[in-house]
Amino acid sequence: MSVLRYEVAAGVATLTMDRPEALNALTVELKVALLEALQRAGSDQAVRAVVLTGAGRGFCVGQDLREHADGLAAGDLDLSTVAEHYNPLIEALATLPKPVIAAVNGAAAGAGASIAFACDVRVAAADASFLMAFARVGLGPDSGASWTLPRLVGHGRAAAMLMLAGPVPAAQALEMGLVSAVVPTEAL
């Protein structure tokens with residue numbers, strides 16, 4: 001079973017992160033698949049736009065911490081995921097020659113929120129929320145959040161989101177300028 005669905009219809013490539021049981025937490029497999037799908041969409045002349053979303057009740061809750069814990073337990077301390085996976089993903093989103101729309105359903109947390117912030121446009125379901133969870137796990141923001149977030153909502157709001165690590169519901173995200181629109185959950 002693939003961790004990412006890639007579908008093209010009417011010139012739009014829809015990339016659906018497909019790990020709903022884990023709220024689409026990012027494993028190495030999913031990060032690699034997502035980067036490959038973005039590259040594929042970028043070079044496909046039939047694709048004019050890309051929609052990125054998550055299966056189930058969450059957009060993406062960021063890094064799969066179980067995968068890291070399992071690696072640590074096995075004695076495999078791999079600290080290269082930001083350089084090898086997240087940075088290329090964010091760069092691909094930022095430089096894709098086609099517009100990328102994040103259709104944010106449910107939770108977008110940590111690197112998952114950062115990925116949404118790197119998209120050109122964000123549309124949120126009414127029950128969506130954004131959480132910069134890095135401070136909760138003793139990390140600084142990665143995946144471009146320290147660059148994209150202040151440009152979307154301003155320095156003060158970005159600092160509060162990053163340091164206080166509280167959830168931002170969809171309606172508040174719209175008021176802040178973090179998303180372009182909020183739609184009924186079933187219409188997303």
# chains A, B, ... in the order shown; residues from 1 in each chain; ligands from 1
call {"tool": "residues_around", "arguments": {"residues": "Leu65 of chain A", "least_positions_apart": "3", "cutoff": "10 Å", "atoms": "only C-alpha atoms", "output": "PyMOL selection string"}}
result
chain A and resi 25-27+62+68-71
call {"tool": "residues_around", "arguments": {"residues": "segment 153-161 of chain A", "least_positions_apart": "6", "cutoff": "7 Å", "atoms": "only C-alpha atoms", "output": "VMD selection string"}}
result
chain A and resid 132 176 to 178
call {"tool": "residues_around", "arguments": {"residues": "Val137 of chain A", "least_positions_apart": "2", "cutoff": "12 Å", "atoms": "only C-alpha atoms", "output": "tab-separated table (two decimals) with N, CA, C and O atoms, in the first residue's frame"}}
result
chain	number	residue	atom	x	y	z
A	62	GLY	N	3.27	16.17	11.12
A	62	GLY	CA	4.71	16.32	11.16
A	62	GLY	C	5.44	15.00	11.21
A	62	GLY	O	4.92	13.96	10.80
A	63	GLN	N	6.66	15.07	11.71
A	63	GLN	CA	7.53	13.89	11.75
A	63	GLN	C	6.90	12.75	12.55
A	63	GLN	O	6.35	12.97	13.62
A	65	LEU	N	7.32	10.47	15.04
A	65	LEU	CA	8.28	10.32	16.14
A	65	LEU	C	8.51	8.86	16.51
A	65	LEU	O	9.56	8.52	17.05
A	110	GLY	N	3.67	20.86	13.42
A	110	GLY	CA	5.10	20.72	13.21
A	110	GLY	C	5.48	20.87	11.75
A	110	GLY	O	5.09	21.82	11.08
A	132	MET	N	2.39	24.75	15.84
A	132	MET	CA	3.85	24.73	15.72
A	132	MET	C	4.37	24.01	16.95
A	132	MET	O	4.66	24.62	17.97
A	133	ALA	N	4.46	22.70	16.86
A	133	ALA	CA	4.71	21.83	18.01
A	133	ALA	C	6.18	21.71	18.39
A	133	ALA	O	6.51	21.00	19.33
A	134	PHE	N	7.07	22.37	17.69
A	134	PHE	CA	8.50	22.19	17.89
A	134	PHE	C	8.91	22.43	19.34
A	134	PHE	O	9.68	21.66	19.92
A	135	ALA	N	8.43	23.50	19.96
A	135	ALA	CA	8.80	23.82	21.34
A	135	ALA	C	8.33	22.73	22.31
A	135	ALA	O	8.96	22.50	23.34
A	139	LEU	N	12.57	21.30	20.22
A	139	LEU	CA	13.25	21.58	18.96
A	139	LEU	C	13.00	23.01	18.51
A	139	LEU	O	11.98	23.61	18.86
A	140	GLY	N	13.89	23.52	17.70
A	140	GLY	CA	13.64	24.77	17.00
A	140	GLY	C	12.85	24.46	15.75
A	140	GLY	O	12.86	23.32	15.26
A	141	PRO	N	12.15	25.42	15.21
A	141	PRO	CA	11.33	25.16	14.01
A	141	PRO	C	12.21	24.80	12.82
A	141	PRO	O	13.27	25.38	12.63
A	162	LEU	N	5.31	30.02	17.56
A	162	LEU	CA	6.48	29.16	17.70
A	162	LEU	C	6.86	28.92	19.16
A	162	LEU	O	7.24	27.81	19.53
A	163	MET	N	6.78	29.96	19.99
A	163	MET	CA	7.23	29.81	21.38
A	163	MET	C	6.16	29.26	22.31
A	163	MET	O	6.48	28.49	23.21
A	165	ALA	N	3.43	27.48	21.29
A	165	ALA	CA	3.03	26.17	20.76
A	165	ALA	C	1.58	25.82	21.05
A	165	ALA	O	1.26	24.68	21.34
call {"tool": "closest_residue", "arguments": {"among": "A:Ala102, A:Leu35, A:Ala187, A:Ala128", "to": "His85 of chain A", "atoms": "only C-alpha atoms"}}
result
A:Leu35
call {"tool": "atom_distance", "arguments": {"atom1": "atom CA of Leu93 of chain A", "atom2": "atom CA of Asn24 of chain A"}}
result
18.0 Å
call {"tool": "closest_residue", "arguments": {"among": "A:Ala37, A:Ala170, A:Val28, A:Ala46", "to": "Glu67 of chain A", "atoms": "only C-alpha atoms"}}
result
A:Val28
call {"tool": "select_by_dssp", "arguments": {"residues": "segment 98-129 of chain A", "states": "strand (DSSP E)", "output": "PyMOL selection string"}}
result
chain A and resi 100-104+107-109+121-125+129
call {"tool": "residues_around", "arguments": {"residues": "Leu52 of chain A", "least_positions_apart": "3", "cutoff": "8 Å", "atoms": "only C-alpha atoms", "output": "list in words"}}
result
Thr14, Leu15, Thr16, Met17, Val100, Ile101, Ala102 and Ala103 of chain A
call {"tool": "residues_around", "arguments": {"residues": "Ser43 of chain A", "least_positions_apart": "4", "cutoff": "12 Å", "atoms": "only C-alpha atoms", "output": "ChimeraX atom specification"}}
result
/A:13,36-39,47-50,92,96-98
call {"tool": "write_last_selection", "arguments": {"atoms": "N, CA and C atoms", "output": "short mmCIF file (atom, residue, chain, number, x, y, z; two decimals), in the first residue's frame"}}
result
data_model
loop_
_atom_site.label_atom_id
_atom_site.label_comp_id
_atom_site.auth_asym_id
_atom_site.auth_seq_id
_atom_site.Cartn_x
_atom_site.Cartn_y
_atom_site.Cartn_z
N ALA A 13 -3.08 18.03 -10.33
CA ALA A 13 -2.53 16.85 -9.66
C ALA A 13 -2.88 16.96 -8.19
N GLU A 36 9.15 13.00 -4.75
CA GLU A 36 9.06 12.44 -6.10
C GLU A 36 7.78 12.88 -6.81
N ALA A 37 6.67 12.93 -6.07
CA ALA A 37 5.39 13.35 -6.66
C ALA A 37 5.43 14.82 -7.06
N LEU A 38 6.03 15.66 -6.24
CA LEU A 38 6.16 17.08 -6.59
C LEU A 38 7.01 17.25 -7.84
N GLN A 39 8.10 16.52 -7.94
CA GLN A 39 8.95 16.58 -9.12
C GLN A 39 8.19 16.09 -10.36
N VAL A 47 -0.20 18.82 -16.12
CA VAL A 47 -0.53 19.36 -14.80
C VAL A 47 -0.32 20.86 -14.79
N ARG A 48 -1.38 21.59 -14.43
CA ARG A 48 -1.29 23.05 -14.36
C ARG A 48 -1.29 23.57 -12.93
N ALA A 49 -1.71 22.73 -11.98
CA ALA A 49 -1.73 23.10 -10.56
C ALA A 49 -1.67 21.84 -9.73
N VAL A 50 -1.26 22.01 -8.46
CA VAL A 50 -1.13 20.88 -7.54
C VAL A 50 -1.93 21.19 -6.29
N ALA A 92 11.32 22.18 -3.11
CA ALA A 92 10.48 21.75 -4.24
C ALA A 92 9.16 22.50 -4.24
N LEU A 96 8.39 25.05 -7.34
CA LEU A 96 7.57 24.36 -8.33
C LEU A 96 7.01 25.40 -9.31
N PRO A 97 7.13 25.17 -10.62
CA PRO A 97 6.68 26.17 -11.58
C PRO A 97 5.16 26.21 -11.77
N LYS A 98 4.44 25.62 -10.84
CA LYS A 98 2.97 25.59 -10.89
C LYS A 98 2.45 25.92 -9.50
#
call {"tool": "closest_residue", "arguments": {"among": "A:Ala118, A:Ala111, A:Gly42, A:Ser143", "to": "Ala83 of chain A", "atoms": "only C-alpha atoms"}}
result
A:Ser143
call {"tool": "residues_around", "arguments": {"residues": "Cys60 of chain A", "least_positions_apart": "6", "cutoff": "10 Å", "atoms": "only C-alpha atoms", "output": "list in words"}}
result
Met17, Asp18, Arg19, Pro20, Ala22, Leu23, Asn24, Ala25, Leu26, Thr53, Gly54, Val104, Asn105, Gly106, Ala107, Ala108, Ala109, Gly110, Ala111, Gly112, Ala113, Ser114, Ile115, Ala116 and Phe130 of chain A
call {"tool": "atom_distance", "arguments": {"atom1": "atom CA of Leu34 of chain A", "atom2": "atom CA of Arg5 of chain A"}}
result
9.3 Å
call {"tool": "atom_distance", "arguments": {"atom1": "atom CA of Gly144 of chain A", "atom2": "atom CA of Arg57 of chain A"}}
result
24.3 Å
call {"tool": "closest_residue", "arguments": {"among": "A:Ala33, A:Leu149, A:Glu21, A:Pro184", "to": "Val3 of chain A", "atoms": "only C-alpha atoms"}}
result
A:Ala33
call {"tool": "decode", "arguments": {"residues": "segment 9-24 of chain A", "atoms": "all heavy atoms", "output": "mmCIF file, in the first residue's frame"}}
result
data_model
loop_
_atom_site.group_PDB
_atom_site.id
_atom_site.type_symbol
_atom_site.label_atom_id
_atom_site.label_comp_id
_atom_site.auth_asym_id
_atom_site.auth_seq_id
_atom_site.Cartn_x
_atom_site.Cartn_y
_atom_site.Cartn_z
ATOM 1 N N ALA A 9 -6.566 15.086 -12.675
ATOM 2 C CA ALA A 9 -7.859 15.273 -13.334
ATOM 3 C C ALA A 9 -7.994 16.746 -13.685
ATOM 4 O O ALA A 9 -7.712 17.622 -12.858
ATOM 5 C CB ALA A 9 -9.005 14.837 -12.428
ATOM 6 N N ALA A 10 -8.406 17.012 -14.907
ATOM 7 C CA ALA A 10 -8.656 18.382 -15.376
ATOM 8 C C ALA A 10 -7.467 19.306 -15.123
ATOM 9 O O ALA A 10 -7.625 20.464 -14.736
ATOM 10 C CB ALA A 10 -9.924 18.939 -14.743
ATOM 11 N N GLY A 11 -6.261 18.796 -15.317
ATOM 12 C CA GLY A 11 -5.066 19.608 -15.179
ATOM 13 C C GLY A 11 -4.572 19.816 -13.764
ATOM 14 O O GLY A 11 -3.608 20.547 -13.535
ATOM 15 N N VAL A 12 -5.213 19.165 -12.778
ATOM 16 C CA VAL A 12 -4.826 19.325 -11.383
ATOM 17 C C VAL A 12 -4.311 17.992 -10.847
ATOM 18 O O VAL A 12 -5.005 16.981 -10.904
ATOM 19 C CB VAL A 12 -6.019 19.804 -10.523
ATOM 20 C CG1 VAL A 12 -5.618 19.887 -9.053
ATOM 21 C CG2 VAL A 12 -6.529 21.140 -11.021
ATOM 22 N N ALA A 13 -3.081 18.027 -10.332
ATOM 23 C CA ALA A 13 -2.535 16.852 -9.661
ATOM 24 C C ALA A 13 -2.885 16.961 -8.186
ATOM 25 O O ALA A 13 -2.558 17.962 -7.543
ATOM 26 C CB ALA A 13 -1.026 16.782 -9.835
ATOM 27 N N THR A 14 -3.572 15.971 -7.673
ATOM 28 C CA THR A 14 -3.905 15.935 -6.249
ATOM 29 C C THR A 14 -2.995 14.924 -5.582
ATOM 30 O O THR A 14 -2.991 13.744 -5.939
ATOM 31 C CB THR A 14 -5.385 15.569 -6.031
ATOM 32 O OG1 THR A 14 -6.198 16.548 -6.695
ATOM 33 C CG2 THR A 14 -5.721 15.555 -4.546
ATOM 34 N N LEU A 15 -2.209 15.424 -4.623
ATOM 35 C CA LEU A 15 -1.302 14.576 -3.857
ATOM 36 C C LEU A 15 -1.914 14.400 -2.476
ATOM 37 O O LEU A 15 -2.105 15.380 -1.756
ATOM 38 C CB LEU A 15 0.072 15.223 -3.727
ATOM 39 C CG LEU A 15 0.712 15.775 -5.004
ATOM 40 C CD1 LEU A 15 2.086 16.339 -4.706
ATOM 41 C CD2 LEU A 15 0.776 14.725 -6.086
ATOM 42 N N THR A 16 -2.242 13.174 -2.131
ATOM 43 C CA THR A 16 -2.880 12.890 -0.849
ATOM 44 C C THR A 16 -1.961 12.038 0.009
ATOM 45 O O THR A 16 -1.676 10.881 -0.332
ATOM 46 C CB THR A 16 -4.225 12.159 -1.050
ATOM 47 O OG1 THR A 16 -5.048 12.923 -1.938
ATOM 48 C CG2 THR A 16 -4.938 11.967 0.276
ATOM 49 N N MET A 17 -1.469 12.630 1.091
ATOM 50 C CA MET A 17 -0.686 11.855 2.047
ATOM 51 C C MET A 17 -1.636 10.819 2.638
ATOM 52 O O MET A 17 -2.722 11.174 3.102
ATOM 53 C CB MET A 17 -0.100 12.781 3.114
ATOM 54 C CG MET A 17 0.913 13.766 2.540
ATOM 55 S SD MET A 17 1.519 14.989 3.719
ATOM 56 C CE MET A 17 0.163 16.192 3.670
ATOM 57 N N ASP A 18 -1.258 9.554 2.594
ATOM 58 C CA ASP A 18 -2.202 8.477 2.880
ATOM 59 C C ASP A 18 -1.734 7.567 4.016
ATOM 60 O O ASP A 18 -1.502 6.377 3.834
ATOM 61 C CB ASP A 18 -2.450 7.670 1.601
ATOM 62 C CG ASP A 18 -3.723 6.845 1.669
ATOM 63 O OD1 ASP A 18 -4.517 7.035 2.616
ATOM 64 O OD2 ASP A 18 -3.923 6.003 0.768
ATOM 65 N N ARG A 19 -1.616 8.163 5.192
ATOM 66 C CA ARG A 19 -1.343 7.413 6.421
ATOM 67 C C ARG A 19 -2.361 7.886 7.466
ATOM 68 O O ARG A 19 -1.994 8.416 8.511
ATOM 69 C CB ARG A 19 0.078 7.657 6.922
ATOM 70 C CG ARG A 19 1.170 7.185 5.991
ATOM 71 C CD ARG A 19 2.546 7.246 6.641
ATOM 72 N NE ARG A 19 2.596 6.288 7.733
ATOM 73 C CZ ARG A 19 3.052 6.572 8.965
ATOM 74 N NH1 ARG A 19 3.517 7.760 9.262
ATOM 75 N NH2 ARG A 19 3.056 5.643 9.907
ATOM 76 N N PRO A 20 -3.655 7.719 7.185
ATOM 77 C CA PRO A 20 -4.668 8.296 8.076
ATOM 78 C C PRO A 20 -4.611 7.757 9.502
ATOM 79 O O PRO A 20 -4.951 8.479 10.448
ATOM 80 C CB PRO A 20 -5.991 7.942 7.395
ATOM 81 C CG PRO A 20 -5.676 6.783 6.507
ATOM 82 C CD PRO A 20 -4.253 6.971 6.073
ATOM 83 N N GLU A 21 -4.160 6.520 9.674
ATOM 84 C CA GLU A 21 -4.084 5.942 11.016
ATOM 85 C C GLU A 21 -3.059 6.668 11.879
ATOM 86 O O GLU A 21 -3.118 6.608 13.109
ATOM 87 C CB GLU A 21 -3.752 4.442 10.933
ATOM 88 C CG GLU A 21 -2.321 4.119 10.510
ATOM 89 C CD GLU A 21 -1.971 4.358 9.037
ATOM 90 O OE1 GLU A 21 -2.877 4.608 8.216
ATOM 91 O OE2 GLU A 21 -0.776 4.291 8.711
ATOM 92 N N ALA A 22 -2.121 7.385 11.249
ATOM 93 C CA ALA A 22 -1.081 8.131 11.967
ATOM 94 C C ALA A 22 -1.223 9.629 11.706
ATOM 95 O O ALA A 22 -0.261 10.377 11.880
ATOM 96 C CB ALA A 22 0.299 7.652 11.532
ATOM 97 N N LEU A 23 -2.420 10.059 11.302
ATOM 98 C CA LEU A 23 -2.672 11.462 10.952
ATOM 99 C C LEU A 23 -1.638 11.976 9.956
ATOM 100 O O LEU A 23 -1.220 13.122 9.999
ATOM 101 C CB LEU A 23 -2.728 12.344 12.200
ATOM 102 C CG LEU A 23 -3.879 12.045 13.170
ATOM 103 C CD1 LEU A 23 -3.770 12.900 14.416
ATOM 104 C CD2 LEU A 23 -5.229 12.224 12.499
ATOM 105 N N ASN A 24 -1.232 11.080 9.053
ATOM 106 C CA ASN A 24 -0.305 11.380 7.968
ATOM 107 C C ASN A 24 1.052 11.862 8.459
ATOM 108 O O ASN A 24 1.703 12.702 7.825
ATOM 109 C CB ASN A 24 -0.943 12.357 6.971
ATOM 110 C CG ASN A 24 -2.226 11.781 6.426
ATOM 111 O OD1 ASN A 24 -2.232 10.669 5.906
ATOM 112 N ND2 ASN A 24 -3.323 12.487 6.607
#
